[in-house]
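Asks: Input file: final20.cif. Contents: mmCIF, C-alpha atoms.
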data_work
#
loop_
_atom_site.label_atom_id
_atom_site.label_comp_id
_atom_site.auth_asym_id
_atom_site.auth_seq_id
_atom_site.Cartn_x
_atom_site.Cartn_y
_atom_site.Cartn_z
CA MET H 1 55.90 123.65 122.87
CA ILE H 2 56.18 124.99 126.39
CA LYS H 3 56.26 128.59 125.11
CA SER H 4 53.04 128.14 123.16
CA ARG H 5 51.27 126.64 126.23
CA PHE H 6 52.53 129.49 128.35
CA ILE H 7 51.31 132.10 125.86
CA ILE H 8 47.92 130.42 125.53
CA SER H 9 47.48 130.20 129.30
CA ILE H 10 48.50 133.84 129.82
CA THR H 11 46.14 134.91 127.04
CA LEU H 12 43.26 132.95 128.59
CA ILE H 13 43.94 134.44 132.03
CA VAL H 14 43.96 137.98 130.61
CA VAL H 15 40.74 137.33 128.67
CA PHE H 16 39.07 135.93 131.78
CA PHE H 17 40.18 138.98 133.81
CA ILE H 18 38.69 141.29 131.21
CA ILE H 19 35.43 139.34 131.06
CA THR H 20 35.24 139.22 134.86
CA SER H 21 35.71 142.95 135.23
CA PHE H 22 33.11 143.62 132.53
CA VAL H 23 30.55 141.35 134.19
CA LYS H 24 31.31 142.82 137.61
CA ASN H 25 30.74 146.38 136.37
CA LYS H 26 27.48 145.43 134.69
CA THR H 27 26.17 143.69 137.80
CA ARG H 28 27.10 146.70 139.94
CA ILE H 29 25.14 148.97 137.60
CA ILE H 30 22.16 146.62 137.71
CA GLU H 31 22.31 146.46 141.52
CA LYS H 32 22.26 150.27 141.70
CA GLN H 33 19.22 150.37 139.44
CA ILE H 34 17.50 147.73 141.57
CA SER H 35 18.23 149.75 144.70
CA ILE H 36 16.77 152.89 143.13
CA LEU H 37 13.67 150.98 142.02
CA LYS H 38 13.23 149.45 145.48
CA THR H 39 13.27 152.87 147.14
CA SER H 40 10.80 154.16 144.56
CA VAL H 41 8.48 151.20 145.15
CA SER H 42 8.65 151.62 148.92
CA LYS H 43 7.78 155.32 148.62
CA LYS H 44 4.82 154.49 146.39
CA LYS H 45 3.64 151.78 148.78
CA ASN H 46 3.81 154.31 151.59
CA ASN H 47 1.76 156.78 149.55
CA VAL H 48 -0.83 154.10 148.79
CA ASN H 49 -1.07 153.16 152.47
CA GLU H 50 -1.54 156.81 153.44
CA ALA H 51 -4.18 157.27 150.74
CA GLN H 52 -6.05 154.17 151.92
CA LEU H 53 -5.96 155.35 155.52
CA GLU H 54 -7.21 158.77 154.48
CA PHE H 55 -9.96 157.21 152.37
CA TYR H 56 -11.13 154.97 155.20
CA TYR H 57 -11.13 157.90 157.59
CA LEU H 58 -12.95 160.27 155.26
CA THR H 59 -15.59 157.73 154.25
CA SER H 60 -16.36 156.51 157.75
CA PRO H 61 -20.03 157.01 158.68
CA ARG H 62 -19.14 159.42 161.48
CA GLU H 63 -17.18 161.68 159.13
CA VAL H 64 -19.93 161.55 156.51
CA GLU H 65 -22.47 162.64 159.11
CA LYS H 66 -20.21 165.53 160.15
CA LYS H 67 -19.87 166.66 156.55
CA ILE H 68 -23.63 166.51 156.01
CA LYS H 69 -24.17 168.63 159.11
CA VAL H 70 -21.61 171.19 157.92
CA ILE H 71 -22.84 171.30 154.33
CA GLY H 72 -26.50 171.12 155.22
CA PHE H 73 -28.84 168.34 154.23
CA ASP H 74 -30.49 170.36 151.48
CA GLN H 75 -27.14 170.85 149.70
CA TYR H 76 -26.08 167.24 150.13
CA HIS H 77 -26.57 165.17 146.98
CA PRO H 78 -25.64 161.49 147.01
CA ILE H 79 -23.61 160.07 144.14
CA HIS H 80 -25.74 158.62 141.37
CA TYR H 81 -25.37 154.90 140.92
CA SER H 82 -24.02 155.42 137.41
CA ASN H 83 -21.04 157.38 138.83
CA ILE H 84 -19.88 154.53 141.08
CA TYR H 85 -17.18 152.35 139.57
CA PHE H 86 -16.71 148.82 140.81
CA SER H 87 -13.30 148.37 139.23
CA PHE H 88 -10.57 150.42 137.67
CA GLN H 89 -11.27 148.77 134.32
CA SER H 90 -14.87 150.03 134.29
CA PHE H 91 -13.58 153.52 135.11
CA LYS H 92 -11.12 153.35 132.20
CA ASN H 93 -13.82 152.09 129.83
CA ASN H 94 -16.14 154.93 130.80
CA ASP H 95 -13.30 157.44 130.47
CA LYS H 96 -12.59 156.16 126.95
CA LYS H 97 -16.27 156.58 126.02
CA ILE H 98 -16.28 160.14 127.32
CA SER H 99 -13.05 161.03 125.52
CA ASN H 100 -14.40 159.55 122.27
CA LEU H 101 -17.58 161.62 122.61
CA ASN H 102 -15.50 164.75 123.25
CA LYS H 103 -13.44 164.06 120.13
CA LEU H 104 -16.62 163.59 118.08
CA ASN H 105 -18.03 166.87 119.40
CA GLU H 106 -14.78 168.67 118.58
CA LYS H 107 -14.85 167.28 115.04
CA LYS H 108 -18.47 168.41 114.59
CA ILE H 109 -17.59 171.90 115.78
CA GLN H 110 -14.60 172.06 113.44
CA ASN H 111 -16.70 170.91 110.46
CA LYS H 112 -19.23 173.71 111.02
#
Would you mind giving the structure from this file in structure tokens?
Replies:
Amino acid sequence: MIKSRFIISITLIVVFFIITSFVKNKTRIIEKQISILKTSVSKKKNNVNEAQLEFYYLTSPREVEKKIKVIGFDQYHPIHYSNIYFSFQSFKNNDKKISNLNKLNEKKIQNK
């Protein structure tokens, strides 16, 4: 009776050690992946912040005036209202329309 209890308890302890080491290794791998993703996200946030700063600088009225003076007013053409996108979704929708038209044109050329 005592031997069977001893064997069962030793077996349970060994099983728990194995499970613990397995879980510990998996969590360490996940933590490494999280760390890599965090550094990637921080780099991308930094790039977005730099791009926003550059955009605000380049589109400031003073900079636009300088560019017009350098280019010359006769060569300056404002953007048509149809080329201004108010959201990324509208840009994607327009891009899909253009790509569909290109595909149709390619098919027409191939059929001829």
Asks: Go ahead and compute the interatomic distance for atom CA of H:Lys45 and atom CA of H:Leu58, in Å to one decimal.
Replies: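 It comes out at 19.7 Å.
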Asks: Atom CA of H:Val64 and atom CA of H:Gln52 are how many Å apart?
Replies: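 Between atom CA of H:Val64 and atom CA of H:Gln52 the gap works out to 16.4 Å.
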Asks: Just how far from atom CA of H:Lys67 is atom CA of H:Lys92, in Å to one decimal?
Replies: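 Going from atom CA of H:Lys92 over to atom CA of H:Lys67 covers 29.1 Å.
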